[in-house]
Structures are given as C-alpha cells and as structure tokens.
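Peer 1: Contents of my_file-v7.cif (mmCIF, C-alpha atoms and all ligand atoms) are given next:
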data_my_file
#
loop_
_atom_site.label_atom_id
_atom_site.label_comp_id
_atom_site.auth_asym_id
_atom_site.auth_seq_id
_atom_site.Cartn_x
_atom_site.Cartn_y
_atom_site.Cartn_z
CA MET A 14 122.84 158.33 70.10
CA PRO A 15 119.81 160.58 70.51
CA ARG A 16 118.85 162.07 67.12
CA PHE A 17 118.23 165.72 68.02
CA SER A 18 116.47 168.16 65.70
CA LYS A 19 118.57 170.28 63.34
CA ALA A 20 117.38 173.38 65.17
CA VAL A 21 118.98 172.40 68.47
CA SER A 22 121.97 170.36 67.32
CA SER A 23 124.19 173.45 67.10
CA LEU A 24 123.27 174.65 70.61
CA ARG A 25 126.17 174.52 73.05
CA SER A 26 126.37 175.39 76.72
CA SER A 27 127.38 179.05 76.80
CA GLU A 28 130.52 180.27 78.49
CA ILE A 29 128.32 182.34 80.81
CA ARG A 30 126.43 179.26 81.99
CA ASP A 31 129.65 177.28 82.51
CA LEU A 32 131.06 180.18 84.47
CA MET A 33 128.04 180.26 86.72
CA THR A 34 129.24 176.88 88.00
CA LEU A 35 132.60 178.42 88.87
CA ALA A 36 130.92 181.48 90.30
CA SER A 37 129.17 179.36 92.89
CA ARG A 38 132.54 178.29 94.39
CA PRO A 39 132.56 180.01 97.80
CA ASP A 40 136.15 181.30 97.50
CA ILE A 41 135.55 183.16 94.21
CA ILE A 42 134.40 186.78 93.98
CA SER A 43 132.00 186.73 91.08
CA PHE A 44 131.34 189.72 88.84
CA ALA A 45 129.93 187.28 86.28
CA GLY A 46 126.22 186.88 86.91
CA GLY A 47 123.54 189.44 86.11
CA MET A 48 121.71 188.55 89.29
CA PRO A 49 120.12 191.04 91.69
CA GLY A 50 121.66 191.15 95.16
CA ASN A 51 120.19 188.38 97.36
CA ASP A 52 120.35 190.73 100.33
CA LEU A 53 118.01 193.14 98.54
CA PHE A 54 114.97 190.91 97.95
CA PRO A 55 111.81 192.13 99.77
CA VAL A 56 111.30 188.79 101.53
CA SER A 57 109.47 189.90 104.66
CA GLU A 58 107.27 192.43 102.80
CA VAL A 59 106.11 189.73 100.36
CA GLU A 60 105.60 187.18 103.16
CA GLU A 61 103.38 189.68 104.93
CA LEU A 62 101.40 190.41 101.75
CA PHE A 63 100.68 186.71 101.21
CA ARG A 64 99.78 186.10 104.85
CA ASN A 65 97.17 188.87 104.73
CA LEU A 66 95.36 187.53 101.64
CA ASP A 67 91.93 185.92 102.07
CA MET A 68 91.71 182.14 101.61
CA ARG A 69 90.05 182.41 98.17
CA LYS A 70 93.03 184.37 96.78
CA LYS A 71 95.53 182.05 98.44
CA GLN A 72 93.84 179.05 96.85
CA ALA A 73 93.77 180.74 93.43
CA ALA A 74 97.53 181.20 93.78
CA PHE A 75 97.96 177.41 93.75
CA GLN A 76 95.68 176.93 90.71
CA TYR A 77 96.27 177.05 86.94
CA GLY A 78 95.40 180.41 85.46
CA PRO A 79 94.59 181.87 82.03
CA THR A 80 97.42 181.62 79.48
CA HIS A 81 97.60 185.39 79.06
CA GLY A 82 97.92 186.07 82.82
CA LEU A 83 95.73 186.51 85.92
CA PRO A 84 93.17 189.27 85.28
CA SER A 85 94.07 191.08 88.50
CA LEU A 86 97.79 191.21 87.61
CA LEU A 87 97.02 192.31 84.05
CA GLU A 88 95.04 195.21 85.50
CA SER A 89 97.67 196.30 88.06
CA LEU A 90 100.53 195.81 85.58
CA ARG A 91 98.72 197.97 83.03
CA GLY A 92 98.60 200.70 85.67
CA PHE A 93 102.34 200.28 86.35
CA LEU A 94 103.20 200.45 82.65
CA GLU A 95 100.84 203.35 81.95
CA LYS A 96 102.96 205.47 84.31
CA LYS A 97 105.80 205.07 81.81
CA GLY A 98 103.53 206.43 79.08
CA LEU A 99 103.12 203.04 77.42
CA PRO A 100 100.07 202.60 75.18
CA VAL A 101 98.44 199.88 77.28
CA HIS A 102 94.97 200.39 75.83
CA ASP A 103 95.87 200.23 72.11
CA ASN A 104 98.06 197.15 72.58
CA ARG A 105 97.69 193.78 74.27
CA LEU A 106 99.56 192.71 77.39
CA LEU A 107 100.70 189.11 77.80
CA VAL A 108 102.20 187.90 81.09
CA THR A 109 105.12 185.58 80.39
CA THR A 110 107.39 183.24 82.33
CA GLY A 111 110.24 185.72 82.61
CA SER A 112 110.84 188.22 79.83
CA LEU A 113 113.11 185.64 78.23
CA GLN A 114 109.93 183.72 77.42
CA ALA A 115 108.49 186.87 75.82
CA ILE A 116 111.60 187.06 73.61
CA SER A 117 111.41 183.32 72.83
CA LEU A 118 107.72 183.47 71.92
CA LEU A 119 108.43 186.36 69.55
CA ALA A 120 111.38 184.45 68.09
CA LYS A 121 109.15 181.45 67.45
CA ALA A 122 106.42 183.64 66.00
CA PHE A 123 108.74 185.32 63.46
CA ILE A 124 111.80 183.20 62.63
CA ASP A 125 112.00 180.47 59.99
CA PRO A 126 115.37 178.72 59.58
CA GLY A 127 117.82 181.01 57.78
CA ASP A 128 115.80 184.20 58.31
CA PRO A 129 117.91 187.31 58.91
CA VAL A 130 117.49 188.91 62.33
CA ILE A 131 119.27 192.15 63.24
CA VAL A 132 120.77 192.44 66.72
CA GLU A 133 123.17 194.71 68.54
CA ASN A 134 126.78 193.63 68.88
CA PRO A 135 127.32 192.95 71.76
CA CYS A 136 123.90 191.47 72.57
CA PHE A 137 122.14 189.80 75.52
CA ILE A 138 123.17 186.14 75.41
CA GLY A 139 119.69 184.81 76.28
CA ALA A 140 118.21 186.50 73.20
CA LEU A 141 121.08 185.30 71.00
CA SER A 142 120.55 181.70 72.17
CA SER A 143 116.84 181.92 71.57
CA PHE A 144 117.24 183.32 68.03
CA LYS A 145 119.93 180.72 67.27
CA SER A 146 117.65 177.91 68.44
CA HIS A 147 115.29 178.96 65.64
CA GLU A 148 118.25 179.00 63.21
CA ALA A 149 118.19 182.74 62.61
CA ASP A 150 120.90 184.27 60.44
CA LEU A 151 122.14 186.84 62.97
CA ARG A 152 123.36 190.22 61.70
CA GLY A 153 125.22 192.04 64.48
CA ILE A 154 125.41 195.84 64.38
CA ALA A 155 128.00 197.66 66.51
CA VAL A 156 126.94 199.94 69.37
CA ASP A 157 128.73 203.05 70.65
CA SER A 158 128.09 205.14 73.75
CA GLU A 159 124.86 206.59 72.27
CA GLY A 160 123.29 203.36 70.97
CA ILE A 161 123.21 201.26 67.83
CA ALA A 162 125.41 202.54 64.94
CA ILE A 163 122.87 204.04 62.54
CA ASP A 164 125.01 204.02 59.37
CA GLU A 165 125.81 200.38 59.83
CA LEU A 166 122.16 199.61 60.62
CA SER A 167 120.91 201.48 57.52
CA GLY A 168 123.43 199.58 55.36
CA GLU A 169 122.23 196.27 56.79
CA ILE A 170 118.58 197.19 56.19
CA ARG A 171 119.39 198.05 52.55
CA ARG A 172 121.17 194.70 52.12
CA THR A 173 118.53 192.77 54.12
CA PRO A 174 115.16 194.43 53.52
CA HIS A 175 113.40 191.25 54.66
CA ALA A 176 115.02 191.02 58.11
CA LYS A 177 112.41 189.51 60.42
CA PHE A 178 112.97 192.00 63.24
CA LEU A 179 115.48 194.16 65.07
CA TYR A 180 116.17 193.29 68.72
CA ILE A 181 117.52 196.09 70.95
CA THR A 182 118.10 196.77 74.66
CA PRO A 183 118.26 200.58 74.76
CA TYR A 184 118.06 201.11 78.53
CA PHE A 185 121.14 199.96 80.48
CA HIS A 186 122.15 197.42 77.93
CA ASN A 187 123.31 193.94 78.87
CA PRO A 188 126.32 193.67 78.53
CA ALA A 189 127.40 197.14 77.31
CA GLY A 190 125.67 199.07 80.12
CA LEU A 191 124.77 201.87 77.69
CA LEU A 192 121.69 204.09 77.67
CA TYR A 193 120.53 205.21 74.20
CA SER A 194 120.47 208.96 73.63
CA GLY A 195 117.22 210.63 72.54
CA GLU A 196 118.82 211.57 69.23
CA ARG A 197 119.88 208.01 68.52
CA LYS A 198 116.35 206.76 69.19
CA GLU A 199 115.01 209.33 66.71
CA SER A 200 117.50 208.25 64.05
CA LEU A 201 116.60 204.63 64.70
CA VAL A 202 112.92 205.36 64.18
CA SER A 203 113.70 207.22 60.91
CA ALA A 204 115.84 204.30 59.69
CA LEU A 205 113.03 201.80 60.30
CA GLN A 206 109.90 203.72 59.37
CA GLY A 207 107.99 202.10 56.51
CA ARG A 208 110.46 199.17 56.32
CA ASP A 209 108.14 196.48 57.71
CA ILE A 210 110.80 195.39 60.22
CA PRO A 211 109.33 195.14 63.75
CA ILE A 212 111.42 196.13 66.76
CA ILE A 213 111.70 194.00 69.88
CA GLU A 214 112.40 196.61 72.54
CA ASP A 215 113.78 194.85 75.63
CA ASP A 216 113.37 197.03 78.72
CA ALA A 217 114.51 194.68 81.50
CA TYR A 218 116.54 197.35 83.35
CA GLY A 219 114.91 200.73 82.61
CA ASP A 220 113.59 201.23 86.16
CA LEU A 221 117.11 201.01 87.58
CA TYR A 222 118.32 204.49 86.62
CA PHE A 223 120.75 206.42 88.84
CA HIS A 224 120.01 209.92 87.54
CA PRO A 225 116.42 211.22 87.48
CA GLU A 226 117.45 213.70 84.75
CA ASP A 227 117.70 210.70 82.38
CA ALA A 228 113.88 210.35 82.41
CA GLY A 229 113.57 211.63 78.81
CA ARG A 230 116.16 209.18 77.52
CA LEU A 231 114.33 206.37 79.33
CA LYS A 232 111.02 206.94 77.57
CA PRO A 233 110.44 203.69 75.67
CA LEU A 234 110.15 203.80 71.88
CA LYS A 235 106.87 201.99 72.49
CA ALA A 236 105.68 205.02 74.48
CA ILE A 237 106.72 207.35 71.67
CA ASN A 238 104.68 204.97 69.51
CA PRO A 239 106.14 205.97 66.15
CA GLU A 240 103.89 205.48 63.16
CA GLY A 241 104.63 202.64 60.76
CA ILE A 242 106.73 200.44 63.09
CA ASP A 243 105.40 197.47 65.05
CA ILE A 244 107.10 197.64 68.43
CA CYS A 245 107.08 194.60 70.68
CA TYR A 246 107.93 195.87 74.15
CA THR A 247 109.19 193.35 76.71
CA GLY A 248 109.79 193.81 80.43
CA SER A 249 110.35 191.84 83.60
CA PHE A 250 109.81 191.61 87.34
CA SER A 251 113.25 189.98 87.62
CA LYS A 252 115.25 193.11 88.42
CA ILE A 253 112.53 195.00 90.35
CA LEU A 254 111.23 192.17 92.55
CA GLY A 255 113.08 188.91 91.91
CA PRO A 256 114.01 186.58 89.03
CA GLY A 257 112.81 183.60 91.07
CA LEU A 258 109.24 184.73 90.38
CA ARG A 259 109.87 183.98 86.66
CA LEU A 260 107.52 186.71 85.52
CA GLY A 261 107.80 189.09 82.61
CA TRP A 262 105.54 190.52 79.95
CA MET A 263 105.14 191.69 76.41
CA LEU A 264 103.07 194.66 75.24
CA VAL A 265 102.43 194.16 71.54
CA PRO A 266 99.97 194.87 68.72
CA GLU A 267 96.85 192.65 68.68
CA GLU A 268 97.89 190.38 65.79
CA ILE A 269 101.26 189.58 67.33
CA TYR A 270 99.66 189.04 70.75
CA CYS A 271 97.21 186.46 69.34
CA LYS A 272 100.01 184.45 67.75
CA CYS A 273 102.21 184.58 70.86
CA GLU A 274 99.35 183.58 73.15
CA LEU A 275 98.73 180.51 70.98
CA ILE A 276 102.43 179.59 71.14
CA LYS A 277 102.47 180.08 74.91
CA GLN A 278 99.55 177.67 75.33
CA SER A 279 101.77 174.83 74.17
CA ALA A 280 104.90 176.16 75.91
CA ASP A 281 103.65 176.23 79.49
CA ALA A 282 99.85 176.71 79.55
CA CYS A 283 100.27 179.63 81.95
CA SER A 284 102.90 181.46 83.98
CA PRO A 285 103.06 180.65 87.71
CA SER A 286 99.85 181.77 89.41
CA TYR A 287 101.54 181.85 92.80
CA THR A 288 104.07 184.50 91.81
CA GLN A 289 101.52 186.40 89.72
CA VAL A 290 99.46 186.83 92.90
CA LEU A 291 102.56 188.05 94.76
CA ALA A 292 103.55 190.49 91.99
CA ASP A 293 99.97 191.78 91.79
CA GLU A 294 99.87 192.44 95.54
CA PHE A 295 103.32 194.06 95.40
CA ILE A 296 102.05 196.56 92.83
CA ARG A 297 98.62 197.13 94.42
CA SER A 298 100.07 197.72 97.89
CA GLY A 299 102.28 200.41 96.35
CA LEU A 300 105.34 198.72 97.89
CA ILE A 301 106.91 198.33 94.45
CA TYR A 302 107.72 202.05 94.15
CA PRO A 303 109.79 202.56 97.34
CA TYR A 304 111.38 199.17 96.72
CA ILE A 305 112.57 200.20 93.25
CA GLU A 306 113.87 203.46 94.72
CA LYS A 307 115.81 201.53 97.37
CA VAL A 308 117.46 199.13 94.91
CA ARG A 309 118.30 201.97 92.52
CA GLN A 310 120.27 203.66 95.30
CA GLU A 311 121.98 200.45 96.30
CA TYR A 312 123.03 199.59 92.73
CA GLN A 313 124.34 203.12 92.29
CA THR A 314 126.50 202.70 95.42
CA ARG A 315 127.86 199.42 94.04
CA ALA A 316 128.46 200.93 90.58
CA ASN A 317 130.33 203.86 92.12
CA ALA A 318 132.46 201.47 94.19
CA MET A 319 133.37 199.52 91.06
CA VAL A 320 134.21 202.60 89.00
CA ALA A 321 136.40 203.91 91.86
CA ALA A 322 138.17 200.54 92.18
CA LEU A 323 138.75 200.39 88.41
CA LYS A 324 140.18 203.93 88.41
CA ARG A 325 142.55 202.96 91.22
CA SER A 326 143.82 199.71 89.76
CA MET A 327 143.35 199.41 85.98
CA PRO A 328 146.06 200.52 83.54
CA ASP A 329 145.22 203.61 81.40
CA TYR A 330 144.64 201.64 78.21
CA VAL A 331 141.49 199.99 79.65
CA ARG A 332 138.30 201.89 78.80
CA TRP A 333 134.81 201.45 80.26
CA ASN A 334 131.32 202.97 80.20
CA ASP A 335 130.19 205.24 83.00
CA PRO A 336 127.09 203.35 84.24
CA ARG A 337 123.96 205.52 84.49
CA GLY A 338 121.84 202.58 85.69
CA GLY A 339 121.42 198.83 85.45
CA PHE A 340 123.93 196.16 86.41
CA TYR A 341 126.94 196.28 84.08
CA LEU A 342 130.33 197.72 83.28
CA TRP A 343 131.77 196.91 79.85
CA LEU A 344 135.54 197.07 79.60
CA THR A 345 137.41 197.45 76.32
CA LEU A 346 141.04 196.33 76.13
CA PRO A 347 143.58 196.97 73.38
CA GLU A 348 142.71 195.46 69.99
CA GLY A 349 143.82 191.83 69.71
CA THR A 350 143.67 191.08 73.46
CA ASP A 351 142.11 187.73 74.31
CA SER A 352 140.12 188.27 77.50
CA THR A 353 139.86 184.50 78.03
CA GLU A 354 143.58 184.60 78.96
CA ILE A 355 142.78 187.30 81.50
CA LEU A 356 139.87 185.28 82.84
CA LYS A 357 142.05 182.22 83.48
CA LEU A 358 144.51 184.28 85.53
CA ALA A 359 141.72 186.12 87.34
CA ILE A 360 140.13 182.82 88.38
CA GLU A 361 143.49 181.68 89.79
CA GLY A 362 143.57 184.94 91.75
CA GLY A 363 139.98 184.44 92.97
CA ALA A 364 137.72 186.65 90.80
CA VAL A 365 135.52 185.94 87.79
CA PHE A 366 133.86 187.98 85.02
CA VAL A 367 132.39 187.21 81.59
CA VAL A 368 134.53 187.40 78.44
CA GLY A 369 133.26 189.68 75.65
CA LYS A 370 132.90 187.11 72.89
CA THR A 371 130.03 185.51 74.83
CA PHE A 372 127.91 188.45 73.68
CA ASP A 373 129.18 188.70 70.10
CA PRO A 374 126.59 187.20 67.70
CA ALA A 375 129.51 185.75 65.73
CA GLY A 376 131.32 184.64 68.95
CA ARG A 377 134.63 186.22 67.86
CA SER A 378 135.47 189.65 69.25
CA ASN A 379 137.13 189.07 72.63
CA ASN A 380 139.02 192.22 73.65
CA THR A 381 136.10 193.13 75.93
CA MET A 382 134.79 191.94 79.28
CA ARG A 383 131.58 192.34 81.27
CA LEU A 384 131.74 193.06 84.98
CA SER A 385 128.52 193.17 86.95
CA TYR A 386 128.38 195.04 90.24
CA CYS A 387 124.80 194.12 91.20
CA ASN A 388 125.47 191.21 93.52
CA ASN A 389 128.60 192.38 95.39
CA SER A 390 129.19 194.56 98.42
CA PRO A 391 131.56 197.53 97.98
CA ALA A 392 134.07 195.61 100.16
CA GLU A 393 134.01 192.62 97.77
CA ILE A 394 134.33 194.96 94.81
CA GLU A 395 137.39 196.59 96.38
CA GLU A 396 138.94 193.19 96.94
CA GLY A 397 138.06 191.62 93.56
CA ILE A 398 138.82 194.40 91.07
CA PRO A 399 142.59 194.52 91.81
CA VAL A 400 142.71 190.76 91.11
CA ILE A 401 141.27 191.36 87.64
CA ALA A 402 143.51 194.40 87.10
CA GLU A 403 146.58 192.28 87.90
CA ALA A 404 145.45 189.68 85.36
CA VAL A 405 144.95 192.43 82.73
CA LYS A 406 148.48 193.73 83.34
CA MET A 407 149.95 190.22 83.10
CA VAL A 408 148.32 189.67 79.70
CA CYS A 409 148.49 193.17 78.16
CA GLY A 410 151.58 194.49 79.86
C1 LIG B 1 118.61 192.32 78.58
C2 LIG B 1 117.85 191.23 79.26
N1 LIG B 1 116.65 190.90 78.78
C3 LIG B 1 115.93 189.91 79.33
C4 LIG B 1 116.40 189.20 80.41
C5 LIG B 1 115.59 188.05 80.91
O1 LIG B 1 115.15 188.22 82.17
P1 LIG B 1 113.98 187.35 82.79
O2 LIG B 1 113.68 186.19 81.89
O3 LIG B 1 114.47 186.93 84.12
O4 LIG B 1 112.80 188.27 82.86
C6 LIG B 1 117.65 189.51 80.96
C7 LIG B 1 118.19 188.75 82.08
O5 LIG B 1 119.28 188.92 82.55
C8 LIG B 1 118.39 190.56 80.35
O6 LIG B 1 119.61 190.91 80.81
#
Would you kindly transcribe this structure into structure tokens?
Ligand SMILES: Cc1ncc(COP(=O)(O)O)c(C=O)c1O

Peer 2:
Amino acid sequence: MPRFSKAVSSLRSSEIRDLMTLASRPDIISFAGGMPGNDLFPVSEVEELFRNLDMRKKQAAFQYGPTHGLPSLLESLRGFLEKKGLPVHDNRLLVTTGSLQAISLLAKAFIDPGDPVIVENPCFIGALSSFKSHEADLRGIAVDSEGIAIDELSGEIRRTPHAKFLYITPYFHNPAGLLYSGERKESLVSALQGRDIPIIEDDAYGDLYFHPEDAGRLKPLKAINPEGIDICYTGSFSKILGPGLRLGWMLVPEEIYCKCELIKQSADACSPSYTQVLADEFIRSGLIYPYIEKVRQEYQTRANAMVAALKRSMPDYVRWNDPRGGFYLWLTLPEGTDSTEILKLAIEGGAVFVVGKTFDPAGRSNNTMRLSYCNNSPAEIEEGIPVIAEAVKMVCG
C-alpha cells in the first residue's frame, strides 16, 4: 500500500471529473464541461502568427524561460490588463500554468493545515480541491443574484478573524453564472477593510460579457484598488484563446509575488514558452480583441438558445439565473430534491450536466444543477434540454 501524505489522503476524484469520462461518449449531449467551443478556437490565425515569426523567436519558443514569464509576454499582457484599469505598475505580474496554478500557488503560500479559508457557496471546484489539498477549513458563504451574502460574510469574519483569505469569482461565476452588482462589491470592500484578510479575485470569465452596459459592474476590485485590502487578481487565457495553452496569471502585491514565484520554481520551473510566444503574438497582433468580440457573440447566442429551451420545457418550479456572460446556467429545484437522481435519468435519455453538490464546499446541498452552454450548438441545446426537463419532471413531479 502506498503511504500517501495526510494532505492528499482525503482527495477523491470529483464527480465533475468522473462525468467528463461519460461526457466523452459520442452519443451523449454534454452540458457538463466548462470548456470553450472547439469550433471557436483561432487555429488558422495562430498558425499564421507562428509561421511568420523569425527563427530566433521560434527557437526561443522551444526553450525554458524565466519562472515569472517571458519578458515579451509580460509586457504585452500588462498592456492588455491596463485596459481594464488594473494597477499593473504598482503590482507584480506572474505568468502561471493556467490560472488554476495561480490559485494553487496562493493556496500553498497562505494555507497551513486547519486554517480557515472563506469561499462562496457554490464555488469553483478547482479552487475547492486546491484549498482542500492544503487541508484548509473551508467556510462557505451563500451567494444570491447580486453576489456573496454580506451579512453571512460579516458574521463569519467576526467568528473567524484569522481567516487566511477570501476567494471569490465575481464576474460570471462558475457555477452560479452570477455577476456581482456594484453595490455588493462596495459592501464587500467595507466588510473586509482593515481586517487583514486578503481577497483572491478570480476573473477567468470577465471578458465574456453579453451586455456592454455591464462595463461598470465588470471593473475588477483590483482596479478599484481599495485601501487596506491585499487583492490577488487571477486571470486566464483559457476562455479567450484556449485552455490547451495552459496559461494564466496573477497580479499581486510585491511580497506575495516573491513568495509565489519561489513556490512556482519548484512546481514547474516555468510555464510553457511555446504557448507564451503564441499568446504574446496574439495580443501584439491585436487579433485578441476581435476574437474576444466574436466568442462573446457566439456564447450569447448559445446562452439565449438554452434559456429559450428551458422556458419551453422546464416546469415552473425550476428557477435559473439569466446569464449576462460567461458559460453557465445554475438551476435551482425545490428544496430536498436530489439532482443526482435527475442526472441518472438524464444520462439514460442521452444528456449530462453537473450536480450542484459538486460545488458545495461541504458537498451536501444538491437541489441545484449546473448547465454549461459554451460547447454546444443551438441545435444540440434544443435536443438536450428537453431530455433533462423530462428527468426533472420524473423526479420532482
Ligand atoms: C472560475 C474559474 N477559475 C479558474 C479556472 C481555471 O482555468 P485555467 O487553469 O484553465 O486558467 C476555471 C476553469 O474552468 C474557472 O472556471
């Protein structure tokens, strides 16, 4: 028997990962994965960019690079982030191997076994797994349509003044799909000011908004730069270029950057140079901006198709968010429903989604389900949603 460390012995394969295996069955319509549409990747544009590079740059793409990222990408990425109003000159930028690595490095930097960490409930499963692998004592705080519940958060902060950090995904939350309101962000800042609890602000989806009038709500807390709170801002190329690049970043205060860079040295020495060169060229050529605009429109079409299909086929007692961007619809069923029962029937009928308890830090609450519309055509959505609606009716009546 291998004698694993205490830290990893409680780790189990997550339902979402197991379902990915099912999702790859060709006869199943999958609303389970949070993957960008394969048909949307800018394959020929990126091929062309690489072909036109001089030999010196092509060779550098095959070489190791600095732990913190290739200088040219750091420069172009700073320009990209500065357009969002982010304080790129007063903070340090670290290129990471996906933004999940940024979250994991921060987890390693802050969490000792048993340390309290405050998260949203529901919460992105990748972050939950990372925090659990460091044996964090997770404190889940409910979210509503405006963001994290401030009363509950303030109560938790009073009970747990030494929480190591608060992790939030305010812009097109995974899985709840929600976009924080400006007011809720202000209340959040007031609740945390002077508390010595850093915020990890995960902005993996913020570029994928459907309504330009949401620009104010999309301004990162990091860009507002409130006094007295250390904000660790994380982002990713995964949803605006491709997750196969495995590139993300963190923009953090100097002291936190230094610690994370040291941890990254032993994690992977550096992120892939090859894809850093591609991402750098994608920004510098300016192609990134029309590309983001194109995928925004496509995801909006898919979201609209899913909302229309839900309206047509779901019983009235099922509630969901109205997606204003991102990849996800979050369905709430009557109290006491077990969405795993629905999932089993849906799989028999040929469609798959993710059950809500996957995203509950305590792994309990299961009268919810996540449907993603990012990787399906409207035709598939129209075919698959009635299958899930039938399963809901069979279980809930
Ligand atoms: C909220 C959120 N944060 C971070 C990530 C990690 O993305 P990546 O590691 O591909 O950058 C994801 C991926 O789905 C996500 O949904």

Peer 1: Identify which of the residues A:Arg325, A:Lys198, A:Arg337, A:Lys370 lies closest to A:Pro399, counting all atoms listed in the file when measuring atom-to-atom distances.

Peer 2: A:Arg325

Peer 1: As an MDAnalysis selection string, please: the residues near A:Val130 (cut-off 6 Å, all atoms listed in the file, same-chain neighbours under 6 positions excluded).

Peer 2: chainID A and resid 151 176:178

Peer 1: With C-alpha atoms retained, write the just-selected residues as a compact mmCIF listing (two decimals), in the frame of the given file.

Peer 2:
# COMPACT_ATOMS: atom_id res chain seq x y z
CA LEU A 151 122.14 186.84 62.97
CA ALA A 176 115.02 191.02 58.11
CA LYS A 177 112.41 189.51 60.42
CA PHE A 178 112.97 192.00 63.24

Peer 1: In terms of the shortest atom-to-atom distance over all atoms listed in the file, which of A:Gly257, A:Pro174, A:Pro225, A:Pro126 is closest to ligand LIG 1 (chain B)?

Peer 2: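 The answer is A:Gly257, which sits nearest to ligand LIG 1 (chain B).
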
Peer 1: List the neighbours of A:Tyr218 out to 10 Å using all atoms listed in the file; skip same-chain residues closer than 2 positions along the sequence, and give me the result as an NGL selection string.

Peer 2: :A and (182-187 or 190 or 215-216 or 220-222 or 248-253 or 338-340)

Peer 1: Which residue gives the smallest distance to A:Val367 among A:Lys235, A:Lys324, A:Ala189, A:Leu141, with only C-alpha atoms counted?

Peer 2: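 Answer, going by the shortest atom-to-atom distance: A:Ala189.
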
Peer 1: Excluding stretch 328-336 of chain A and residues on its chain fewer than 5 positions from it, collect all residues at most 8 Å away from it, counting only C-alpha atoms, and give them as a VMD selection string.

Peer 2: chain A and resid 158 185 189 to 191 316 320 341 to 347 402 406

Peer 1: Please produce a file of the residues just selected, as a compact mmCIF listing (two decimals), in the coordinates of the input, where the atoms kept are C-alpha atoms.

Peer 2:
# COMPACT_ATOMS: atom_id res chain seq x y z
CA SER A 158 128.09 205.14 73.75
CA PHE A 185 121.14 199.96 80.48
CA ALA A 189 127.40 197.14 77.31
CA GLY A 190 125.67 199.07 80.12
CA LEU A 191 124.77 201.87 77.69
CA ALA A 316 128.46 200.93 90.58
CA VAL A 320 134.21 202.60 89.00
CA TYR A 341 126.94 196.28 84.08
CA LEU A 342 130.33 197.72 83.28
CA TRP A 343 131.77 196.91 79.85
CA LEU A 344 135.54 197.07 79.60
CA THR A 345 137.41 197.45 76.32
CA LEU A 346 141.04 196.33 76.13
CA PRO A 347 143.58 196.97 73.38
CA ALA A 402 143.51 194.40 87.10
CA LYS A 406 148.48 193.73 83.34

Peer 1: Hey, can you check how far atom CA of A:Pro188 sits from atom CA of A:Phe366?

Peer 2: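 Here the two named atoms are 11.5 Å from each other.
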
Peer 1: Work out how far apart atom CA of A:Ser352 and atom CA of A:Asp164 are and give it in Å to one decimal.

Peer 2: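 So the answer is 28.4 Å.
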
Peer 1: Any idea what the distance is between atom CA of A:Leu90 and atom CA of A:Leu300?

Peer 2: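 These two atoms are separated by 13.5 Å.
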
Peer 1: Could you build a table of the residues in stretch 110-175 of chain A lying no more than 10 Å from stretch 199-213 of chain A, giving for each the nearest pair of atoms and their separation in Å rounded to one decimal place, using only C-alpha atoms, ordered by chain and ascending residue number, as JSON lines?

Peer 2:
{"residue": "A:Ala115", "atom": "CA", "partner": "A:Ile213", "partner_atom": "CA", "distance": 9.8}
{"residue": "A:Ile116", "atom": "CA", "partner": "A:Ile213", "partner_atom": "CA", "distance": 7.9}
{"residue": "A:Leu119", "atom": "CA", "partner": "A:Ile213", "partner_atom": "CA", "distance": 8.3}
{"residue": "A:Ala120", "atom": "CA", "partner": "A:Ile213", "partner_atom": "CA", "distance": 9.7}
{"residue": "A:Phe123", "atom": "CA", "partner": "A:Pro211", "partner_atom": "CA", "distance": 9.8}
{"residue": "A:Val130", "atom": "CA", "partner": "A:Ile210", "partner_atom": "CA", "distance": 9.5}
{"residue": "A:Ile131", "atom": "CA", "partner": "A:Ile212", "partner_atom": "CA", "distance": 9.5}
{"residue": "A:Val132", "atom": "CA", "partner": "A:Ile213", "partner_atom": "CA", "distance": 9.7}
{"residue": "A:Gly160", "atom": "CA", "partner": "A:Leu201", "partner_atom": "CA", "distance": 9.3}
{"residue": "A:Ile161", "atom": "CA", "partner": "A:Leu201", "partner_atom": "CA", "distance": 8.1}
{"residue": "A:Ala162", "atom": "CA", "partner": "A:Leu201", "partner_atom": "CA", "distance": 9.1}
{"residue": "A:Ile163", "atom": "CA", "partner": "A:Leu201", "partner_atom": "CA", "distance": 6.7}
{"residue": "A:Asp164", "atom": "CA", "partner": "A:Ala204", "partner_atom": "CA", "distance": 9.2}
{"residue": "A:Leu166", "atom": "CA", "partner": "A:Ala204", "partner_atom": "CA", "distance": 7.9}
{"residue": "A:Ser167", "atom": "CA", "partner": "A:Ala204", "partner_atom": "CA", "distance": 6.2}
{"residue": "A:Gly168", "atom": "CA", "partner": "A:Ala204", "partner_atom": "CA", "distance": 9.9}
{"residue": "A:Ile170", "atom": "CA", "partner": "A:Leu205", "partner_atom": "CA", "distance": 8.3}
{"residue": "A:Arg171", "atom": "CA", "partner": "A:Arg208", "partner_atom": "CA", "distance": 9.8}
{"residue": "A:Pro174", "atom": "CA", "partner": "A:Arg208", "partner_atom": "CA", "distance": 7.2}
{"residue": "A:His175", "atom": "CA", "partner": "A:Ile210", "partner_atom": "CA", "distance": 7.4}

Peer 1: Of the residues A:Ile242, A:Cys136, A:Ala292, A:Val156, which is the one nearest to ligand LIG 1 (chain B), using all atoms listed in the file?

Peer 2: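 Nearest to ligand LIG 1 (chain B): A:Cys136.
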
Peer 1: Excluding same-chain residues fewer than 4 positions from A:Ser117, what lies within 8 Å of it counting only C-alpha atoms, as a list in words?

Peer 2: Leu113, Lys121, Ala140, Ser143 and Phe144 of chain A

Peer 1: Give one line per residue of stretch 369-402 of chain A that approaches stretch 40-49 of chain A to at most 7 Å, naming the two atoms of the closest pair and their distance in Å to one decimal, counting all atoms listed in the file; sort by chain then ascending residue number and deliver it as JSON lines.

Peer 2:
{"residue": "A:Leu384", "atom": "CA", "partner": "A:Phe44", "partner_atom": "CA", "distance": 5.1}
{"residue": "A:Ser385", "atom": "CA", "partner": "A:Phe44", "partner_atom": "CA", "distance": 4.8}
{"residue": "A:Tyr386", "atom": "CA", "partner": "A:Phe44", "partner_atom": "CA", "distance": 6.2}
{"residue": "A:Cys387", "atom": "CA", "partner": "A:Pro49", "partner_atom": "CA", "distance": 5.6}
{"residue": "A:Asn388", "atom": "CA", "partner": "A:Pro49", "partner_atom": "CA", "distance": 5.7}
{"residue": "A:Glu393", "atom": "CA", "partner": "A:Ile42", "partner_atom": "CA", "distance": 7.0}
{"residue": "A:Gly397", "atom": "CA", "partner": "A:Ile42", "partner_atom": "CA", "distance": 6.1}

Peer 1: Using all atoms listed in the file, which of the listed residues (A:Leu179, A:Ala74, A:Ala228, A:Ile355) sits closest to A:Glu214?

Peer 2: A:Leu179

Peer 1: Would you list the contacts of A:Cys271 as a ChimeraX atom specification, taking every protein, DNA or RNA residue within 12 Å and counting all atoms listed in the file, but skipping same-chain residues closer than 2 positions in sequence?

Peer 2: /A:80-81,104-107,118-119,122,263-269,273-278

Peer 1: With only C-alpha atoms and all ligand atoms as the basis for distance, which of A:Glu226, A:Glu395, A:Glu133, A:Glu169 is at the shortest distance from ligand LIG 1 (chain B)?

Peer 2: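 Selected residue with least distance to ligand LIG 1 (chain B): A:Glu133.
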
Peer 1: For stretch 250-258 of chain A, what centre and edge lengths in Å (one decimal) does the axis-aligned box get once 5 Å is added on each side of all its listed atoms, as lines of an AutoDock Vina configuration file?

Peer 2:
center_x = 112.2
center_y = 189.3
center_z = 89.9
size_x = 16.0
size_y = 21.4
size_z = 15.2
